[in-house]
$ cat entry.pdb   # PDB, C-alpha atoms
ATOM      1  CA  LEU P 692     112.518 -52.603   4.492
ATOM      2  CA  VAL P 693     111.956 -49.006   5.500
ATOM      3  CA  GLY P 694     115.023 -49.174   7.744
ATOM      4  CA  ASP P 695     117.057 -50.433   4.773
ATOM      5  CA  HIS P 696     115.666 -47.602   2.644
ATOM      6  CA  LEU P 697     116.636 -45.016   5.271
ATOM      7  CA  ALA P 698     120.145 -46.477   5.550
ATOM      8  CA  ALA P 699     120.586 -46.463   1.770
ATOM      9  CA  ALA P 700     119.330 -42.852   1.589
ATOM     10  CA  ASP P 701     121.824 -41.837   4.268
ATOM     11  CA  ARG P 702     124.691 -43.571   2.478
ATOM     12  CA  ALA P 703     123.731 -41.874  -0.782
ATOM     13  CA  GLY P 704     123.232 -38.509   0.896
ATOM     14  CA  SER P 705     119.915 -38.107  -0.920
ATOM     15  CA  THR P 706     117.489 -35.678   0.696
ATOM     16  CA  TYR P 707     114.699 -36.859  -1.574
ATOM     17  CA  ALA P 708     115.224 -40.537  -0.697
ATOM     18  CA  ARG P 709     115.509 -39.833   3.032
ATOM     19  CA  ALA P 710     112.356 -37.692   3.076
ATOM     20  CA  GLY P 711     110.507 -40.348   1.067
ATOM     21  CA  ALA P 712     111.650 -43.069   3.457
ATOM     22  CA  LEU P 713     110.565 -40.973   6.450
ATOM     23  CA  ARG P 714     107.166 -40.496   4.833
ATOM     24  CA  THR P 715     106.864 -44.239   4.319
ATOM     25  CA  ARG P 716     108.000 -44.885   7.882
ATOM     26  CA  ALA P 717     105.359 -42.448   9.174
ATOM     27  CA  SER P 718     102.630 -44.375   7.376
ATOM     28  CA  LEU P 719     103.560 -47.444   9.448
ATOM     29  CA  LEU P 720     103.535 -45.630  12.785
ATOM     30  CA  ALA P 721     100.881 -44.085  15.000
ATOM     31  CA  GLY P 722     100.589 -41.135  17.360
ATOM     32  CA  PRO P 723     103.501 -38.833  18.145
ATOM     33  CA  GLU P 724     106.032 -41.020  16.307
ATOM     34  CA  ARG P 725     104.113 -40.620  13.059
ATOM     35  CA  THR P 726     103.985 -36.857  13.505
ATOM     36  CA  ALA P 727     107.689 -36.719  14.375
ATOM     37  CA  ARG P 728     108.722 -38.583  11.215
ATOM     38  CA  LEU P 729     106.591 -36.304   9.021
ATOM     39  CA  GLU P 730     107.986 -33.211  10.765
ATOM     40  CA  GLU P 731     111.495 -34.545  10.161
ATOM     41  CA  ALA P 732     110.705 -35.022   6.472
ATOM     42  CA  ARG P 733     109.298 -31.461   6.310
ATOM     43  CA  THR P 734     112.494 -30.103   7.844
ATOM     44  CA  LEU P 735     114.608 -31.914   5.253
ATOM     45  CA  LEU P 736     112.492 -30.579   2.388
ATOM     46  CA  ALA P 737     112.241 -26.972   3.620
ATOM     47  CA  GLY P 738     113.728 -24.452   1.230
ATOM     48  CA  ARG P 739     114.152 -27.017  -1.559
ATOM     49  CA  PRO P 740     112.048 -25.860  -4.538
ATOM     50  CA  ASP P 741     113.331 -28.848  -6.521
ATOM     51  CA  LEU P 742     111.585 -31.115  -3.997
ATOM     52  CA  ALA P 743     108.386 -29.068  -3.649
ATOM     53  CA  ARG P 744     106.141 -31.865  -4.917
ATOM     54  CA  LEU P 745     107.284 -34.280  -2.218
ATOM     55  CA  ALA P 746     107.050 -31.454   0.329
ATOM     56  CA  ALA P 747     103.396 -30.878  -0.642
ATOM     57  CA  GLN P 748     102.678 -34.600  -0.269
ATOM     58  CA  VAL P 749     104.322 -34.662   3.165
ATOM     59  CA  ASP P 750     102.334 -31.568   4.173
ATOM     60  CA  VAL P 751      99.079 -33.300   3.210
ATOM     61  CA  ASP P 752     100.081 -36.413   5.143
ATOM     62  CA  LEU P 753     100.913 -34.303   8.190
ATOM     63  CA  ALA P 754      97.675 -32.339   7.848
ATOM     64  CA  GLY P 755      95.762 -35.623   7.839
ATOM     65  CA  VAL P 756      97.396 -36.607  11.118
ATOM     66  CA  LEU P 757      96.850 -33.158  12.627
ATOM     67  CA  ALA P 758      93.183 -33.219  11.575
ATOM     68  CA  LEU P 759      92.713 -36.143  13.964
ATOM     69  CA  THR P 760      94.704 -34.510  16.769
ATOM     70  CA  PRO P 761      92.911 -32.292  19.309
ATOM     71  CA  GLY P 762      93.822 -28.676  18.562
ATOM     72  CA  GLY P 763      95.609 -29.600  15.339
ATOM     73  CA  ALA P 764      92.969 -28.319  12.929
ATOM     74  CA  PRO P 765      94.296 -24.747  12.477
ATOM     75  CA  ARG P 766      97.772 -25.948  11.494
ATOM     76  CA  ALA P 767      96.257 -28.690   9.321
ATOM     77  CA  VAL P 768      94.224 -26.098   7.413
ATOM     78  CA  ALA P 769      97.310 -23.906   6.915
ATOM     79  CA  LEU P 770      99.294 -26.859   5.533
ATOM     80  CA  LEU P 771      96.403 -27.857   3.301
ATOM     81  CA  ARG P 772      95.987 -24.352   1.881
ATOM     82  CA  THR P 773      99.647 -24.309   0.855
ATOM     83  CA  ALA P 774      99.389 -27.767  -0.691
ATOM     84  CA  GLU P 775      96.117 -26.794  -2.378
ATOM     85  CA  ALA P 776      97.760 -23.845  -4.112
ATOM     86  CA  PHE P 777     100.736 -25.964  -5.192
ATOM     87  CA  ALA P 778      98.567 -28.811  -6.494
ATOM     88  CA  SER P 779      96.316 -26.419  -8.437
ATOM     89  CA  THR P 780      99.226 -24.534  -9.953
ATOM     90  CA  HIS P 781     101.005 -27.709 -11.056
ATOM     91  CA  GLY P 782      97.941 -29.689 -12.142
ATOM     92  CA  LEU P 783      98.390 -32.424  -9.533
ATOM     93  CA  TRP P 784      94.724 -33.429  -9.510
ATOM     94  CA  PRO P 785      94.955 -36.573  -7.325
ATOM     95  CA  LEU P 786      96.784 -34.572  -4.648
ATOM     96  CA  HIS P 787      94.358 -31.699  -5.095
ATOM     97  CA  GLY P 788      91.423 -34.072  -4.603
ATOM     98  CA  ARG P 789      92.958 -35.413  -1.410
ATOM     99  CA  VAL P 790      93.461 -31.847  -0.133
ATOM    100  CA  ARG P 791      89.845 -30.981  -0.927
ATOM    101  CA  ARG P 792      88.523 -34.012   0.958
ATOM    102  CA  LEU P 793      90.618 -33.166   4.025
ATOM    103  CA  LEU P 794      89.520 -29.525   3.950
ATOM    104  CA  GLU P 795      85.885 -30.596   3.746
ATOM    105  CA  HIS P 796      86.458 -33.005   6.654
ATOM    106  CA  LEU P 797      87.756 -30.045   8.658
ATOM    107  CA  GLY P 798      84.674 -27.983   7.764
ATOM    108  CA  GLU P 799      86.574 -25.728   5.372
ATOM    109  CA  SER P 800      85.578 -24.873   1.819
ATOM    110  CA  PRO P 801      88.144 -25.779  -0.807
ATOM    111  CA  ARG P 802      89.080 -22.919  -3.097
ATOM    112  CA  ARG P 803      87.604 -23.122  -6.551
ATOM    113  CA  ILE P 804      90.045 -23.730  -9.364
ATOM    114  CA  ALA P 805      89.947 -21.682 -12.558
ATOM    115  CA  ALA P 806      88.292 -24.501 -14.522
ATOM    116  CA  GLU P 807      85.398 -24.535 -12.028
ATOM    117  CA  VAL P 808      85.062 -20.760 -12.050
ATOM    118  CA  LEU P 809      85.025 -20.580 -15.848
ATOM    119  CA  ALA P 810      82.778 -23.636 -16.367
ATOM    120  CA  PRO P 811      79.622 -21.590 -17.130
ATOM    121  CA  LEU P 812      81.371 -19.815 -20.014
ATOM    122  CA  GLY P 813      81.382 -20.842 -23.639
ATOM    123  CA  ALA P 814      84.665 -21.374 -25.496
ATOM    124  CA  ARG P 815      84.688 -17.884 -27.072
ATOM    125  CA  GLU P 816      83.797 -16.267 -23.746
ATOM    126  CA  ARG P 817      86.669 -18.103 -22.012
ATOM    127  CA  ARG P 818      89.071 -16.950 -24.733
ATOM    128  CA  VAL P 819      87.936 -13.314 -24.497
ATOM    129  CA  ALA P 820      88.067 -13.412 -20.675
ATOM    130  CA  GLY P 821      91.561 -14.917 -20.743
ATOM    131  CA  LEU P 822      92.914 -12.279 -23.111
ATOM    132  CA  ALA P 823      91.251  -9.493 -21.139
ATOM    133  CA  MET P 824      92.711 -10.789 -17.868
ATOM    134  CA  ALA P 825      96.145 -11.029 -19.488
ATOM    135  CA  GLY P 826      96.003  -7.255 -19.900
ATOM    136  CA  SER P 827      94.862  -6.917 -23.509
ATOM    137  CA  THR P 828      92.614  -4.007 -24.361
ATOM    138  CA  ASN P 829      89.283  -4.619 -26.064
ATOM    139  CA  ARG P 830      90.830  -3.490 -29.348
ATOM    140  CA  GLN P 831      93.769  -5.908 -28.928
ATOM    141  CA  VAL P 832      91.395  -8.772 -28.093
ATOM    142  CA  ALA P 833      89.330  -7.935 -31.183
ATOM    143  CA  GLU P 834      92.424  -7.959 -33.402
ATOM    144  CA  GLU P 835      93.640 -11.236 -31.879
ATOM    145  CA  LEU P 836      90.299 -12.959 -32.458
ATOM    146  CA  GLY P 837      89.416 -11.270 -35.740
ATOM    147  CA  VAL P 838      86.171  -9.762 -34.456
ATOM    148  CA  THR P 839      84.892  -6.260 -33.818
ATOM    149  CA  VAL P 840      85.468  -4.322 -30.605
ATOM    150  CA  LYS P 841      81.677  -4.355 -30.134
ATOM    151  CA  ALA P 842      81.733  -8.189 -30.196
ATOM    152  CA  VAL P 843      84.444  -8.218 -27.526
ATOM    153  CA  GLU P 844      82.391  -5.842 -25.369
ATOM    154  CA  TRP P 845      79.336  -8.085 -25.824
ATOM    155  CA  HIS P 846      81.303 -11.207 -24.849
ATOM    156  CA  LEU P 847      82.795  -9.477 -21.807
ATOM    157  CA  SER P 848      79.371  -8.284 -20.637
ATOM    158  CA  ARG P 849      78.100 -11.887 -20.860
ATOM    159  CA  VAL P 850      81.185 -13.122 -18.963
ATOM    160  CA  TYR P 851      80.639 -10.558 -16.219
ATOM    161  CA  ARG P 852      76.932 -11.394 -15.941
ATOM    162  CA  LYS P 853      77.516 -15.175 -15.850
ATOM    163  CA  LEU P 854      80.268 -14.902 -13.236
ATOM    164  CA  GLY P 855      78.641 -12.177 -11.149
ATOM    165  CA  VAL P 856      81.391  -9.571 -11.539
ATOM    166  CA  THR P 857      81.332  -6.056 -12.963
ATOM    167  CA  SER P 858      84.846  -5.493 -14.270
ATOM    168  CA  ARG P 859      88.173  -7.001 -15.295
ATOM    169  CA  THR P 860      89.391  -6.337 -11.763
ATOM    170  CA  GLY P 861      86.482  -8.346 -10.375
ATOM    171  CA  LEU P 862      87.164 -11.128 -12.857
ATOM    172  CA  ARG P 863      90.843 -11.226 -11.865
ATOM    173  CA  ALA P 864      89.931 -11.254  -8.160
ATOM    174  CA  LEU P 865      87.455 -14.088  -8.733
ATOM    175  CA  LEU P 866      90.078 -16.245 -10.422
ATOM    176  CA  GLU P 867      92.854 -15.387  -7.973
ATOM    177  CA  GLY P 868      90.613 -16.079  -4.981
TER     178      GLY P 868
END
$ encode --input "entry.pdb" --output "C-alpha cells"
Amino acid sequence: LVGDHLAAADRAGSTYARAGALRTRASLLAGPERTARLEEARTLLAGRPDLARLAAQVDVDLAGVLALTPGGAPRAVALLRTAEAFASTHGLWPLHGRVRRLLEHLGESPRRIAAEVLAPLGARERRVAGLAMAGSTNRQVAEELGVTVKAVEWHLSRVYRKLGVTSRTGLRALLEG
C-alpha cells in the first residue's frame, strides 16, 4: 500500500503526499533504511513553510530514530528543539508532548511553555503581565484595565516576586527562554 501511495504521489507531483508516504514507509522499516526515508522526506520539505507541520512531525520521527543510534543524540536534540518551538508556537500539544518525552529520554529538560511559566499568577496578574510585556506603560495598563497606576505597580511587583524576576526585561526573558 505504501508503494501505491508513493506512486500516486509521484504521479500527482505532490510534495506533501510524497513526504507523507516516505514517513509512513520509514515507520515500516528499520536501521539505515528508516533513517534514509526520513532524511529524504526532510529534504523534500525543506524550505516549504506551507508544509512546516509535516516537517516538524518528520523531524520528531527522525529524532526518535537518532536517539537510539550511537552518537545520534546531539542531532536528535537539535531536531527536537526546533520541533518543540514549532509545536509550542502553533499549539500542537500532542506533538509537543511527544517532543518533551523524547527530550527527557535523552536527558534534556524540555523548555517551559508560557502557560507553565504563568501558572502561579492570578487572572489579573496574567493580564497586567501580558500588557506590560507587550510594551504598555504602567499608565497605559491602568487605563486599559480601569485601575490606578498604583494598582498596576502592585500587581507587577507580585508578578515579579512570584516568578522570581525583577523587571519587565526579566519577565520577557523568562517567557522567551
$ atom_distance --input "entry.pdb" --atom1 "atom CA of P:Lys853" --atom2 "atom CA of P:Arg830"
22.3 Å
$ residues_around --input "entry.pdb" --residues "P:Arg852" --least-positions-apart "3" --cutoff "12 Å" --atoms "all atoms listed in the file" --output "PyMOL selection string"
chain P and resi 811-812+816+845-849+855-858+861-862
$ atom_distance --input "entry.pdb" --atom1 "atom CA of P:His796" --atom2 "atom CA of P:Val768"
10.4 Å
$ residues_near_point --input "entry.pdb" --point "(110.3, -34.3, 6.0)" --cutoff "10 Å" --atoms "only C-alpha atoms" --output "ChimeraX atom specification"
/P:706-707,709-714,727-737,745-746,748-750,753
$ closest_residue --input "entry.pdb" --among "P:Ala758, P:Ala708, P:Ala810, P:Val840" --to "P:His696" --atoms "all atoms listed in the file"
P:Ala708
$ resolve_selection --input "entry.pdb" --expression "the PyMOL selection byres ((chain P and resi 860) around 12)" --output "PyMOL selection string"
chain P and resi 820+823-826+851+856-859+861-868
$ resolve_selection --input "entry.pdb" --expression "the PyMOL selection byres ((chain P and resi 788) around 12)" --output "PyMOL selection string"
chain P and resi 751+771+774-775+778-779+782-787+789-795+801-804
$ atom_distance --input "entry.pdb" --atom1 "atom CA of P:Ala776" --atom2 "atom CA of P:Val832"
29.0 Å
$ residues_around --input "entry.pdb" --residues "P:Leu692" --least-positions-apart "2" --cutoff "12 Å" --atoms "all atoms listed in the file" --output "number ranges by chain"
P: 694-699, 712-713, 715-716, 719
$ write_last_selection --input "entry.pdb" --atoms "C-alpha atoms" --output "CSV table (one decimal), in the coordinates of the input"
chain,number,residue,atom,x,y,z
P,694,GLY,CA,115.0,-49.2,7.7
P,695,ASP,CA,117.1,-50.4,4.8
P,696,HIS,CA,115.7,-47.6,2.6
P,697,LEU,CA,116.6,-45.0,5.3
P,698,ALA,CA,120.1,-46.5,5.6
P,699,ALA,CA,120.6,-46.5,1.8
P,712,ALA,CA,111.6,-43.1,3.5
P,713,LEU,CA,110.6,-41.0,6.4
P,715,THR,CA,106.9,-44.2,4.3
P,716,ARG,CA,108.0,-44.9,7.9
P,719,LEU,CA,103.6,-47.4,9.4
$ closest_residue --input "entry.pdb" --among "P:Val756, P:Ala764, P:Ala700, P:Leu809" --to "P:Glu724" --atoms "only C-alpha atoms"
P:Val756
$ closest_residue --input "entry.pdb" --among "P:Thr726, P:Thr760, P:Gln831, P:Thr773" --to "P:Ala747" --atoms "only C-alpha atoms"
P:Thr773
$ closest_residue --input "entry.pdb" --among "P:Arg744, P:His781, P:Arg817, P:Lys841" --to "P:Leu854" --atoms "all atoms listed in the file"
P:Arg817
$ closest_residue --input "entry.pdb" --among "P:Val819, P:Ser827, P:Ala767, P:Ala717" --to "P:Ala842" --atoms "only C-alpha atoms"
P:Val819
$ build_atoms --input "entry.pdb" --residues "stretch 763-774 of chain P" --atoms "all heavy atoms" --output "compact mmCIF listing (two decimals), in the coordinates of the input"
# COMPACT_ATOMS: atom_id res chain seq x y z
N GLY P 763 94.74 -29.61 16.51
CA GLY P 763 95.61 -29.60 15.34
C GLY P 763 94.98 -29.03 14.08
O GLY P 763 95.66 -28.81 13.09
N ALA P 764 93.68 -28.77 14.13
CA ALA P 764 92.97 -28.32 12.93
C ALA P 764 93.52 -27.02 12.32
O ALA P 764 93.69 -26.95 11.10
CB ALA P 764 91.48 -28.19 13.21
N PRO P 765 93.81 -25.98 13.10
CA PRO P 765 94.30 -24.75 12.48
C PRO P 765 95.60 -24.95 11.67
O PRO P 765 95.72 -24.45 10.55
CB PRO P 765 94.52 -23.79 13.65
CG PRO P 765 93.61 -24.30 14.72
CD PRO P 765 93.58 -25.78 14.55
N ARG P 766 96.52 -25.70 12.22
CA ARG P 766 97.77 -25.95 11.49
C ARG P 766 97.50 -26.84 10.28
O ARG P 766 98.09 -26.65 9.23
CB ARG P 766 98.82 -26.58 12.41
CG ARG P 766 100.13 -26.79 11.66
CD ARG P 766 101.32 -26.91 12.56
NE ARG P 766 102.51 -27.11 11.75
CZ ARG P 766 103.31 -28.15 11.86
NH1 ARG P 766 103.09 -29.07 12.78
NH2 ARG P 766 104.36 -28.27 11.09
N ALA P 767 96.61 -27.81 10.44
CA ALA P 767 96.26 -28.69 9.32
C ALA P 767 95.70 -27.87 8.16
O ALA P 767 96.09 -28.07 7.01
CB ALA P 767 95.25 -29.75 9.76
N VAL P 768 94.81 -26.94 8.47
CA VAL P 768 94.22 -26.10 7.41
C VAL P 768 95.31 -25.27 6.73
O VAL P 768 95.34 -25.16 5.50
CB VAL P 768 93.10 -25.19 7.98
CG1 VAL P 768 92.66 -24.16 6.96
CG2 VAL P 768 91.92 -26.05 8.42
N ALA P 769 96.23 -24.70 7.50
CA ALA P 769 97.31 -23.91 6.92
C ALA P 769 98.17 -24.76 5.97
O ALA P 769 98.50 -24.32 4.85
CB ALA P 769 98.17 -23.29 8.01
N LEU P 770 98.51 -25.96 6.39
CA LEU P 770 99.29 -26.86 5.53
C LEU P 770 98.52 -27.22 4.27
O LEU P 770 99.08 -27.27 3.17
CB LEU P 770 99.66 -28.14 6.30
CG LEU P 770 100.68 -28.00 7.42
CD1 LEU P 770 100.73 -29.28 8.26
CD2 LEU P 770 102.06 -27.68 6.86
N LEU P 771 97.23 -27.47 4.44
CA LEU P 771 96.40 -27.86 3.30
C LEU P 771 96.24 -26.71 2.31
O LEU P 771 96.22 -26.94 1.10
CB LEU P 771 95.04 -28.36 3.78
CG LEU P 771 95.06 -29.71 4.49
CD1 LEU P 771 93.72 -29.98 5.16
CD2 LEU P 771 95.43 -30.82 3.53
N ARG P 772 96.13 -25.50 2.80
CA ARG P 772 95.99 -24.35 1.88
C ARG P 772 97.24 -24.20 1.02
O ARG P 772 97.16 -23.91 -0.17
CB ARG P 772 95.71 -23.07 2.66
CG ARG P 772 94.35 -23.00 3.29
CD ARG P 772 93.24 -22.98 2.27
NE ARG P 772 91.95 -22.89 2.93
CZ ARG P 772 90.80 -23.21 2.38
NH1 ARG P 772 90.77 -23.66 1.15
NH2 ARG P 772 89.69 -23.12 3.05
N THR P 773 98.40 -24.40 1.61
CA THR P 773 99.65 -24.31 0.86
C THR P 773 99.71 -25.43 -0.18
O THR P 773 100.05 -25.19 -1.35
CB THR P 773 100.86 -24.39 1.81
OG1 THR P 773 100.76 -23.35 2.77
CG2 THR P 773 102.16 -24.26 1.06
N ALA P 774 99.37 -26.63 0.23
CA ALA P 774 99.39 -27.77 -0.69
C ALA P 774 98.33 -27.61 -1.78
O ALA P 774 98.56 -27.98 -2.93
CB ALA P 774 99.17 -29.07 0.07
